[in-house]
$ cat run.tsv   # TSV, C-alpha atoms
chain	number	residue	atom	x	y	z
T	1	MET	CA	-95.16	9.24	40.88
T	2	ARG	CA	-95.01	9.20	44.68
T	3	VAL	CA	-91.51	9.91	45.95
T	4	PHE	CA	-90.14	10.00	49.49
T	5	VAL	CA	-87.02	12.13	50.08
T	6	MET	CA	-85.09	12.19	53.34
T	7	ALA	CA	-82.33	14.51	54.51
T	8	PRO	CA	-81.44	15.46	58.10
T	9	ASN	CA	-81.61	19.17	57.25
T	10	ILE	CA	-83.65	20.84	54.50
T	11	ASP	CA	-83.85	24.61	54.79
T	12	GLY	CA	-83.91	27.35	52.17
T	13	THR	CA	-82.92	29.92	54.81
T	14	ASP	CA	-79.72	28.05	55.73
T	15	VAL	CA	-76.42	27.35	53.94
T	16	GLY	CA	-74.45	24.27	52.96
T	17	GLU	CA	-76.13	20.88	52.70
T	18	ALA	CA	-79.42	22.14	54.13
T	19	TYR	CA	-79.74	24.76	51.39
T	20	VAL	CA	-78.68	22.36	48.63
T	21	ALA	CA	-81.21	19.79	49.82
T	22	PHE	CA	-83.87	22.49	49.78
T	23	LYS	CA	-83.11	23.43	46.17
T	24	TRP	CA	-83.42	19.80	45.11
T	25	VAL	CA	-86.73	19.16	46.85
T	26	GLU	CA	-88.14	22.53	45.80
T	27	ALA	CA	-87.55	21.60	42.15
T	28	LEU	CA	-88.84	18.06	42.65
T	29	SER	CA	-91.99	19.22	44.41
T	30	HIS	CA	-93.24	20.74	41.15
T	31	ARG	CA	-92.68	17.48	39.26
T	32	VAL	CA	-93.76	14.58	41.51
T	33	ASP	CA	-96.04	13.78	44.44
T	34	LEU	CA	-93.36	14.49	47.04
T	35	THR	CA	-93.10	13.63	50.73
T	36	ILE	CA	-90.03	14.88	52.59
T	37	ALA	CA	-88.64	13.97	56.00
T	38	SER	CA	-86.25	16.25	57.86
T	39	PHE	CA	-85.34	17.87	61.14
T	40	GLU	CA	-86.41	21.48	61.66
T	41	ARG	CA	-84.36	23.99	63.60
T	42	PRO	CA	-86.27	26.10	66.17
T	43	GLY	CA	-86.82	29.71	65.15
T	44	ARG	CA	-86.57	29.09	61.40
T	45	LYS	CA	-89.34	29.44	58.84
T	46	SER	CA	-91.26	26.17	58.79
T	47	LEU	CA	-90.65	23.69	56.01
T	48	ALA	CA	-94.38	23.53	55.30
T	49	GLN	CA	-94.26	27.25	54.48
T	50	GLN	CA	-91.07	26.93	52.44
T	51	LEU	CA	-92.34	23.93	50.45
T	52	PRO	CA	-96.09	24.33	49.94
T	53	ASN	CA	-96.14	21.74	47.14
T	54	ALA	CA	-94.72	18.93	49.25
T	55	ARG	CA	-95.99	16.84	52.14
T	56	VAL	CA	-93.67	17.64	55.06
T	57	VAL	CA	-92.83	15.20	57.85
T	58	SER	CA	-90.46	16.79	60.34
T	59	TRP	CA	-89.14	16.64	63.88
T	60	PRO	CA	-87.33	19.24	66.05
T	61	GLU	CA	-83.59	19.08	65.51
T	62	PRO	CA	-81.86	17.63	68.60
T	63	ARG	CA	-79.80	20.06	70.61
T	64	ILE	CA	-76.62	18.03	70.02
T	65	ALA	CA	-76.76	19.03	66.36
T	66	ARG	CA	-76.78	22.72	67.25
T	67	VAL	CA	-74.02	22.86	69.87
T	68	HIS	CA	-71.07	22.71	67.48
T	69	GLU	CA	-71.89	23.71	63.89
T	70	ARG	CA	-68.62	22.41	62.41
T	71	LEU	CA	-68.94	19.07	64.22
T	72	ASN	CA	-72.53	18.76	63.02
T	73	ALA	CA	-71.49	19.51	59.45
T	74	MET	CA	-68.68	16.94	59.52
T	75	ALA	CA	-69.94	14.12	61.76
T	76	LYS	CA	-73.77	14.40	61.90
T	77	PRO	CA	-74.06	13.31	65.57
T	78	ALA	CA	-77.88	13.33	65.37
T	79	TRP	CA	-78.00	10.93	62.40
T	80	PRO	CA	-78.98	7.84	64.47
T	81	VAL	CA	-81.94	9.77	65.86
T	82	PHE	CA	-83.02	10.90	62.41
T	83	ALA	CA	-82.63	7.42	60.89
T	84	ALA	CA	-84.78	5.93	63.66
T	85	ARG	CA	-87.49	8.55	63.11
T	86	VAL	CA	-87.55	7.82	59.37
T	87	HIS	CA	-87.73	4.06	60.04
T	88	ARG	CA	-90.69	4.54	62.36
T	89	PHE	CA	-92.46	6.81	59.88
T	90	LEU	CA	-92.14	4.32	57.03
T	91	ARG	CA	-93.49	1.52	59.21
T	92	GLN	CA	-96.51	3.70	59.98
T	93	GLU	CA	-97.05	4.25	56.27
T	94	ILE	CA	-97.04	0.49	55.73
T	95	ARG	CA	-99.64	-0.04	58.45
T	96	ALA	CA	-101.82	2.63	56.87
T	97	GLU	CA	-101.40	0.86	53.49
T	98	ARG	CA	-99.75	3.88	51.93
T	99	CYS	CA	-96.65	3.49	49.85
T	100	PHE	CA	-94.12	5.23	47.65
T	101	ASP	CA	-92.88	4.39	44.20
T	102	LEU	CA	-89.33	5.32	45.17
T	103	ALA	CA	-87.34	6.67	48.11
T	104	HIS	CA	-84.27	8.90	48.01
T	105	GLN	CA	-81.74	9.56	50.78
T	106	LEU	CA	-80.56	12.89	49.44
T	107	MET	CA	-78.20	13.85	52.28
T	108	PRO	CA	-75.78	13.58	54.09
T	109	GLN	CA	-73.29	14.00	51.30
T	110	ALA	CA	-70.51	12.17	53.12
T	111	ALA	CA	-70.37	8.46	52.27
T	112	ARG	CA	-70.39	7.16	55.83
T	113	TYR	CA	-74.03	6.93	57.00
T	114	ALA	CA	-76.02	3.68	56.87
T	115	SER	CA	-79.49	4.22	55.46
T	116	PRO	CA	-82.77	3.17	57.14
T	117	LEU	CA	-84.14	2.61	53.63
T	118	ARG	CA	-82.22	-0.67	53.42
T	119	HIS	CA	-84.85	-2.25	55.70
T	120	PHE	CA	-87.71	-1.75	53.23
T	121	ASP	CA	-88.65	-3.43	49.99
T	122	ILE	CA	-88.85	-0.25	47.95
T	123	PRO	CA	-86.51	1.00	45.21
T	124	TYR	CA	-84.25	3.63	46.72
T	125	ILE	CA	-81.42	5.97	45.78
T	126	ILE	CA	-78.61	7.34	47.92
T	127	GLY	CA	-76.72	10.51	47.04
T	128	PRO	CA	-75.17	12.50	45.52
T	129	LEU	CA	-72.34	11.32	47.76
T	130	GLY	CA	-69.05	13.18	47.93
T	131	GLY	CA	-66.01	13.75	50.08
T	132	ALA	CA	-63.59	10.99	51.11
T	133	LEU	CA	-60.77	12.51	49.04
T	134	GLU	CA	-57.41	12.44	50.77
T	135	THR	CA	-54.81	15.19	50.62
T	136	PRO	CA	-52.16	14.18	48.05
T	137	GLY	CA	-49.04	12.87	49.78
T	138	ALA	CA	-46.72	15.56	48.42
T	139	PHE	CA	-48.93	18.29	49.94
T	140	ARG	CA	-49.53	16.83	53.39
T	141	HIS	CA	-46.57	18.54	55.03
T	142	GLU	CA	-48.16	21.91	54.17
T	143	ALA	CA	-51.73	21.00	55.11
T	144	GLY	CA	-51.23	21.16	58.88
T	145	SER	CA	-53.10	19.06	61.42
T	146	ALA	CA	-56.83	18.52	60.98
T	147	PRO	CA	-59.40	18.49	63.81
T	148	LEU	CA	-59.94	15.04	65.29
T	149	PHE	CA	-63.40	14.55	63.79
T	150	THR	CA	-62.16	15.35	60.28
T	151	ARG	CA	-59.64	12.51	60.57
T	152	LEU	CA	-62.57	10.09	60.46
T	153	ARG	CA	-62.02	10.09	56.69
T	154	ALA	CA	-59.16	7.67	57.32
T	155	LEU	CA	-61.72	5.06	58.44
T	156	ASP	CA	-63.88	5.35	55.32
T	157	ALA	CA	-62.05	2.76	53.21
T	158	TRP	CA	-62.10	0.25	56.10
T	159	ARG	CA	-65.84	0.78	56.59
T	160	PHE	CA	-66.60	0.28	52.90
T	161	ARG	CA	-64.99	-3.16	53.22
T	162	ASN	CA	-66.23	-4.19	56.67
T	163	ASP	CA	-69.24	-2.17	57.90
T	164	ARG	CA	-72.18	-4.47	57.13
T	165	ALA	CA	-74.85	-1.79	57.58
T	166	LEU	CA	-73.05	0.67	55.33
T	167	ARG	CA	-72.31	-1.96	52.68
T	168	ALA	CA	-75.92	-3.16	52.74
T	169	SER	CA	-77.14	0.40	52.33
T	170	TYR	CA	-75.14	0.97	49.16
T	171	SER	CA	-75.35	-2.50	47.65
T	172	GLY	CA	-79.12	-2.58	48.21
T	173	ALA	CA	-79.73	0.79	46.55
T	174	ALA	CA	-81.25	0.80	43.07
T	175	ALA	CA	-78.69	3.51	42.34
T	176	VAL	CA	-75.94	5.33	44.17
T	177	LEU	CA	-75.23	8.88	43.01
T	178	GLY	CA	-71.83	10.55	43.33
T	179	VAL	CA	-70.85	14.18	42.89
T	180	ALA	CA	-68.22	13.06	40.37
T	181	PRO	CA	-66.94	9.78	38.86
T	182	TYR	CA	-64.17	9.46	41.49
T	183	VAL	CA	-66.83	8.45	44.05
T	184	LYS	CA	-67.35	5.18	42.20
T	185	ASP	CA	-63.66	4.41	42.63
T	186	ILE	CA	-63.86	5.18	46.35
T	187	LEU	CA	-66.78	2.73	46.66
T	188	ALA	CA	-65.02	0.06	44.60
T	189	ASP	CA	-65.20	-2.47	47.46
T	190	VAL	CA	-69.01	-2.29	47.51
T	191	PRO	CA	-71.01	-4.13	44.80
T	192	LEU	CA	-73.27	-1.38	43.44
T	193	LYS	CA	-76.27	-2.06	41.22
T	194	ARG	CA	-75.87	1.25	39.42
T	195	PHE	CA	-73.76	4.37	39.77
T	196	GLU	CA	-74.48	7.81	38.30
T	197	ALA	CA	-72.37	10.96	38.57
T	198	ILE	CA	-74.58	13.94	39.43
T	199	LEU	CA	-73.17	17.13	40.93
T	200	GLU	CA	-75.26	18.07	43.95
T	201	LEU	CA	-75.04	21.82	43.29
T	202	GLY	CA	-76.85	23.92	40.73
T	203	ILE	CA	-77.66	27.46	39.68
T	204	GLU	CA	-80.91	29.34	39.22
T	205	GLU	CA	-79.97	31.05	35.97
T	206	LEU	CA	-77.08	32.31	33.90
T	207	ALA	CA	-75.55	35.66	34.79
T	208	PRO	CA	-75.85	38.52	32.30
T	209	ASP	CA	-73.62	38.04	29.28
T	210	VAL	CA	-70.44	40.08	29.70
T	211	VAL	CA	-68.37	41.49	26.86
T	212	ARG	CA	-64.81	41.41	28.18
T	213	ARG	CA	-62.51	43.76	26.29
T	214	PRO	CA	-58.98	42.37	26.58
T	215	VAL	CA	-56.12	44.75	27.27
T	216	GLU	CA	-52.70	43.90	25.85
T	217	GLY	CA	-50.46	42.39	28.53
T	218	GLN	CA	-53.15	42.34	31.23
T	219	LEU	CA	-54.99	39.39	32.77
T	220	ARG	CA	-57.06	39.49	35.95
T	221	LEU	CA	-57.16	36.16	37.81
T	222	LEU	CA	-59.78	35.48	40.49
T	223	HIS	CA	-59.82	32.96	43.35
T	224	VAL	CA	-62.93	32.56	45.54
T	225	GLY	CA	-62.99	30.14	48.46
T	226	ARG	CA	-62.32	29.47	52.13
T	227	GLY	CA	-58.81	30.20	53.29
T	228	VAL	CA	-57.62	26.62	53.74
T	229	ARG	CA	-54.59	24.97	52.17
T	230	THR	CA	-56.52	22.55	49.94
T	231	LYS	CA	-58.30	25.33	48.02
T	232	GLY	CA	-55.08	26.08	46.12
T	233	LEU	CA	-54.70	29.80	46.76
T	234	ARG	CA	-51.10	29.30	47.89
T	235	ASP	CA	-50.39	27.51	44.60
T	236	ALA	CA	-51.93	30.37	42.62
T	237	VAL	CA	-49.68	32.88	44.41
T	238	ARG	CA	-46.62	30.73	43.71
T	239	ALA	CA	-47.65	30.48	40.05
T	240	LEU	CA	-47.87	34.26	39.83
T	241	ALA	CA	-44.32	34.50	41.19
T	242	ARG	CA	-43.17	32.42	38.22
T	243	LEU	CA	-44.60	35.05	35.88
T	244	LYS	CA	-42.49	38.02	37.02
T	245	ASN	CA	-41.87	39.01	33.42
T	246	HIS	CA	-45.63	39.54	33.02
T	247	PRO	CA	-46.50	42.26	35.57
T	248	GLY	CA	-49.92	42.81	33.99
T	249	ILE	CA	-51.13	39.45	35.31
T	250	THR	CA	-52.76	39.98	38.70
T	251	LEU	CA	-54.66	37.88	41.25
T	252	THR	CA	-57.64	38.74	43.45
T	253	SER	CA	-58.60	36.55	46.43
T	254	ALA	CA	-62.06	36.59	48.06
T	255	GLY	CA	-62.35	34.46	51.18
T	256	ALA	CA	-61.33	34.26	54.82
T	257	GLY	CA	-59.41	31.69	56.84
T	258	GLU	CA	-56.06	30.79	58.34
T	259	GLU	CA	-54.49	30.30	54.91
T	260	ILE	CA	-54.95	33.93	53.86
T	261	GLU	CA	-52.20	35.30	56.11
T	262	ILE	CA	-49.84	32.55	54.94
T	263	CYS	CA	-50.54	33.48	51.33
T	264	ARG	CA	-50.04	37.16	52.11
T	265	ARG	CA	-46.61	36.42	53.55
T	266	ASP	CA	-45.78	34.22	50.56
T	267	ALA	CA	-46.72	37.01	48.16
T	268	GLU	CA	-44.39	39.41	49.98
T	269	ARG	CA	-41.55	36.88	50.15
T	270	LEU	CA	-41.90	36.02	46.46
T	271	GLY	CA	-42.05	39.66	45.35
T	272	VAL	CA	-45.63	39.73	44.01
T	273	ALA	CA	-47.44	41.44	46.89
T	274	ASP	CA	-48.24	44.41	44.65
T	275	ARG	CA	-50.02	42.06	42.21
T	276	VAL	CA	-52.19	40.15	44.71
T	277	THR	CA	-55.27	41.66	46.38
T	278	PHE	CA	-56.67	39.89	49.44
T	279	LEU	CA	-60.25	41.04	50.05
T	280	GLY	CA	-61.15	38.60	52.83
T	281	ARG	CA	-64.80	37.75	53.33
T	282	ILE	CA	-67.04	40.03	51.30
T	283	PRO	CA	-70.81	40.23	50.62
T	284	ARG	CA	-72.29	37.98	47.94
T	285	ALA	CA	-73.08	40.96	45.70
T	286	ASP	CA	-69.41	41.92	45.73
T	287	VAL	CA	-68.38	38.38	44.80
T	288	GLU	CA	-70.73	38.51	41.82
T	289	GLU	CA	-69.12	41.76	40.74
T	290	LEU	CA	-65.71	40.08	40.88
T	291	TYR	CA	-66.95	37.34	38.57
T	292	ARG	CA	-68.18	40.02	36.19
T	293	SER	CA	-65.00	42.10	36.21
T	294	HIS	CA	-62.25	39.45	36.03
T	295	ASP	CA	-60.88	37.44	33.10
T	296	VAL	CA	-60.06	33.96	34.41
T	297	PHE	CA	-61.19	31.92	37.41
T	298	CYS	CA	-58.06	30.34	38.91
T	299	PHE	CA	-59.19	27.71	41.41
T	300	PRO	CA	-56.56	24.95	41.73
T	301	SER	CA	-58.26	23.21	44.65
T	302	PHE	CA	-56.65	19.78	44.89
T	303	ARG	CA	-59.04	18.09	47.36
T	304	GLU	CA	-62.34	19.41	46.08
T	305	PRO	CA	-65.11	16.78	46.24
T	306	ALA	CA	-67.59	18.77	44.15
T	307	GLY	CA	-66.67	22.30	43.13
T	308	GLY	CA	-69.90	24.26	42.98
T	309	VAL	CA	-67.93	27.52	43.03
T	310	LEU	CA	-66.84	26.61	39.50
T	311	TYR	CA	-70.45	26.81	38.39
T	312	GLU	CA	-70.68	30.27	39.97
T	313	ALA	CA	-67.77	31.47	37.85
T	314	MET	CA	-68.77	29.62	34.70
T	315	ARG	CA	-72.24	31.16	34.71
T	316	TRP	CA	-70.45	34.50	34.19
T	317	GLY	CA	-68.54	33.15	31.19
T	318	LEU	CA	-65.20	32.85	32.96
T	319	PRO	CA	-62.69	30.29	31.65
T	320	VAL	CA	-61.35	28.12	34.46
T	321	ILE	CA	-57.93	26.94	35.59
T	322	THR	CA	-58.35	24.13	38.11
T	323	ALA	CA	-56.93	20.84	39.37
T	324	ALA	CA	-57.36	17.59	37.46
T	325	ARG	CA	-58.69	15.85	40.55
T	326	GLY	CA	-62.00	15.26	42.31
T	327	GLY	CA	-65.07	17.24	41.29
T	328	PRO	CA	-63.27	19.90	39.22
T	329	ASP	CA	-61.73	17.20	37.02
T	330	TRP	CA	-65.27	16.19	36.03
T	331	ILE	CA	-66.91	19.62	35.84
T	332	VAL	CA	-64.23	21.26	33.71
T	333	ASP	CA	-63.31	19.91	30.29
T	334	GLY	CA	-61.48	21.21	27.24
T	335	THR	CA	-64.43	23.33	26.18
T	336	CYS	CA	-64.36	25.55	29.25
T	337	GLY	CA	-60.99	25.48	30.98
T	338	VAL	CA	-57.56	24.09	31.76
T	339	ARG	CA	-57.00	21.20	34.21
T	340	ILE	CA	-53.66	20.93	35.99
T	341	PRO	CA	-52.32	17.53	37.13
T	342	VAL	CA	-51.73	17.37	40.89
T	343	THR	CA	-48.14	16.25	41.37
T	344	THR	CA	-45.84	18.10	43.78
T	345	PRO	CA	-46.28	21.66	45.06
T	346	ASP	CA	-43.40	22.95	42.94
T	347	THR	CA	-44.49	21.26	39.71
T	348	PHE	CA	-48.13	22.16	40.39
T	349	ALA	CA	-47.26	25.86	40.65
T	350	ASN	CA	-45.18	25.68	37.46
T	351	ASP	CA	-48.01	24.03	35.55
T	352	ILE	CA	-50.53	26.58	36.81
T	353	ALA	CA	-48.22	29.35	35.63
T	354	GLU	CA	-48.01	27.75	32.18
T	355	GLY	CA	-51.81	27.51	32.02
T	356	VAL	CA	-52.18	31.16	33.03
T	357	LEU	CA	-49.63	32.28	30.45
T	358	LYS	CA	-51.36	30.25	27.76
T	359	LEU	CA	-54.63	32.08	28.38
T	360	ALA	CA	-52.89	35.44	28.76
T	361	GLN	CA	-51.27	35.12	25.34
T	362	ASN	CA	-54.23	33.60	23.46
T	363	ILE	CA	-57.21	35.91	23.61
T	364	GLU	CA	-59.26	33.83	21.18
T	365	LEU	CA	-58.80	30.72	23.31
T	366	ARG	CA	-59.78	32.64	26.42
T	367	GLN	CA	-62.96	33.89	24.80
T	368	SER	CA	-63.79	30.45	23.41
T	369	LEU	CA	-63.38	28.79	26.81
T	370	GLY	CA	-65.47	31.51	28.46
T	371	ALA	CA	-68.30	30.93	25.98
T	372	GLY	CA	-67.95	27.18	26.50
T	373	ALA	CA	-68.26	27.66	30.25
T	374	ARG	CA	-71.65	29.35	29.86
T	375	VAL	CA	-72.87	26.65	27.49
T	376	LYS	CA	-71.78	23.83	29.79
T	377	VAL	CA	-73.30	25.24	32.94
T	378	GLU	CA	-76.56	26.02	31.12
T	379	ARG	CA	-76.72	22.46	29.82
T	380	GLU	CA	-76.03	20.69	33.11
T	381	GLY	CA	-76.13	23.18	35.99
T	382	LEU	CA	-79.58	24.78	36.02
T	383	TRP	CA	-81.78	23.43	38.81
T	384	SER	CA	-84.63	22.88	36.36
T	385	GLU	CA	-82.42	20.71	34.13
T	386	LYS	CA	-80.98	18.82	37.10
T	387	ALA	CA	-84.45	18.02	38.46
T	388	ASP	CA	-85.68	16.86	35.04
T	389	ASN	CA	-82.66	14.56	34.71
T	390	LEU	CA	-83.28	13.13	38.18
T	391	ILE	CA	-86.94	12.46	37.34
T	392	ARG	CA	-85.84	10.55	34.26
T	393	LEU	CA	-83.59	8.42	36.46
T	394	TYR	CA	-86.48	7.82	38.87
T	395	GLN	CA	-88.64	6.61	35.98
T	396	GLU	CA	-85.93	4.26	34.73
T	397	LEU	CA	-85.48	2.73	38.15
T	398	ILE	CA	-89.19	2.23	38.76
T	399	GLY	CA	-89.76	0.78	35.29
T	400	SER	CA	-92.91	-1.29	35.07
T	401	LYS	CA	-93.05	-2.14	38.79
T	402	LYS	CA	-96.67	-2.07	39.94
T	403	VAL	CA	-97.58	-0.15	43.07
T	404	TYR	CA	-100.87	-0.58	44.91
T	405	ILE	CA	-102.32	2.02	47.24
T	406	GLY	CA	-105.27	2.27	49.58
T	407	GLU	CA	-107.33	-0.87	50.20
T	408	GLN	CA	-105.41	-2.89	47.61
T	409	LYS	CA	-102.32	-4.93	48.33
T	410	VAL	CA	-99.20	-2.90	49.13
T	411	SER	CA	-96.44	-4.49	47.06
T	412	SER	CA	-93.61	-2.00	47.17
T	413	LEU	CA	-93.35	-0.90	50.80
T	414	THR	CA	-93.00	-3.96	52.99
T	415	MET	CA	-90.48	-4.70	55.69
T	416	ARG	CA	-87.51	-6.83	54.71
T	417	ALA	CA	-86.63	-9.75	56.91
$ encode --input "run.tsv" --output "structure tokens"
Amino acid sequence: MRVFVMAPNIDGTDVGEAYVAFKWVEALSHRVDLTIASFERPGRKSLAQQLPNARVVSWPEPRIARVHERLNAMAKPAWPVFAARVHRFLRQEIRAERCFDLAHQLMPQAARYASPLRHFDIPYIIGPLGGALETPGAFRHEAGSAPLFTRLRALDAWRFRNDRALRASYSGAAAVLGVAPYVKDILADVPLKRFEAILELGIEELAPDVVRRPVEGQLRLLHVGRGVRTKGLRDAVRALARLKNHPGITLTSAGAGEEIEICRRDAERLGVADRVTFLGRIPRADVEELYRSHDVFCFPSFREPAGGVLYEAMRWGLPVITAARGGPDWIVDGTCGVRIPVTTPDTFANDIAEGVLKLAQNIELRQSLGAGARVKVEREGLWSEKADNLIRLYQELIGSKKVYIGEQKVSSLTMRA
């Protein structure tokens, strides 16, 4: 099977989407005849060296993509350049009478970039797409003002109804992938041929099995994430304040950002400062030790498109308390955690507190959910399993379609009118 995968950034030495894209194509390169197209950032290890089992087609990343990292992550200003390069490359492949069985626009994750693949008569996939979740109305007054380019989310729904290029990209795809089922609802105005929920993140392997010896009256909660309002740390602190009769329940926070100082002040004002530890940004090895040493992962992020940090915790056998919204609502089920409805800040904190108390008082349930977390992430989160599942989808989409290569007629890679 000859597969073409495109993503503006693929780099195993980077973070974020570039690293995730790398993990996908690395796994795929051992399973199919893979060609990848991407930008390359000057000074980094070449993609050809990082992916020796794939055919690499790359171009230097434009300077505009490197000037403002946050802007590049959110708005992808170099996308038109990349899309044009991919379009030109595929036309050259047609002229050379080479073709692919299937093409896959793996990234960007945000659902707002028209695909050059729509111009070619070849089965193609877009995704996993994510994002586009709005802050719940009851929480907006606490969320503060967002940077101008992050407010582009407000245009997404309008574009799904009116942007012809974007609509054609998604409606023409053999399948659109979303990081969770909610993405299908967001794209409801676009007639999709097929939708599949596939979390874009994965893990290499399970962590060592940990035997947690419960101590009567004690429960160690852990929150890991950027210090922004939507990650739910403030709600976890408020929940702890509703458990003043249970001083053995404590909370540890690992992460940096403007929200941390607000949460610190909240903990002092609510009288639980002695039960909350704010570690700030810490090395990855220290985060792994926190997963090993704590009892419950409390991550009530209420605007979380995916939730890969849940996989990190679940691979250590930690039961999860999270929000019943977005990616976490799909990742976590009754076998591995507790999902809290997102209502109002006050009710949300109360419900989190009830979930915490439930796990604090029921050791057997806690242990059962922890074991379930390991089973679930092993079944669906390992990169090897994720790649195998994606290959099966590829095969379904290709079906019995004949593909001719070389001097024979090229039937699957021709320009659309």
$ atom_distance --input "run.tsv" --atom1 "atom CA of T:Ala111" --atom2 "atom CA of T:Gly137"
21.9 Å
$ residues_near_point --input "run.tsv" --point "(-41.6, 35.3, 43.6)" --cutoff "7 Å" --atoms "only C-alpha atoms" --output "VMD selection string"
chain T and resid 238 241 to 242 269 to 272
$ residues_around --input "run.tsv" --residues "stretch 335-352 of chain T" --least-positions-apart "4" --cutoff "10 Å" --atoms "all atoms listed in the file" --output "ChimeraX atom specification"
/T:136-139,142,232,234-243,296-303,314,317-325,328-331,356-359,365-377
$ closest_residue --input "run.tsv" --among "T:Ile186, T:Ile398, T:Val86, T:Ala360" --to "T:His119" --atoms "all atoms listed in the file"
T:Val86
$ residues_around --input "run.tsv" --residues "T:Glu289" --least-positions-apart "5" --cutoff "10 Å" --atoms "all atoms listed in the file" --output "ChimeraX atom specification"
/T:284,294,316
$ atom_distance --input "run.tsv" --atom1 "atom CA of T:Val81" --atom2 "atom CA of T:Pro62"
8.3 Å
$ closest_residue --input "run.tsv" --among "T:Tyr113, T:Tyr291, T:Phe39, T:Tyr311" --to "T:Arg159" --atoms "only C-alpha atoms"
T:Tyr113
$ atom_distance --input "run.tsv" --atom1 "atom CA of T:Leu106" --atom2 "atom CA of T:Ile391"
13.7 Å
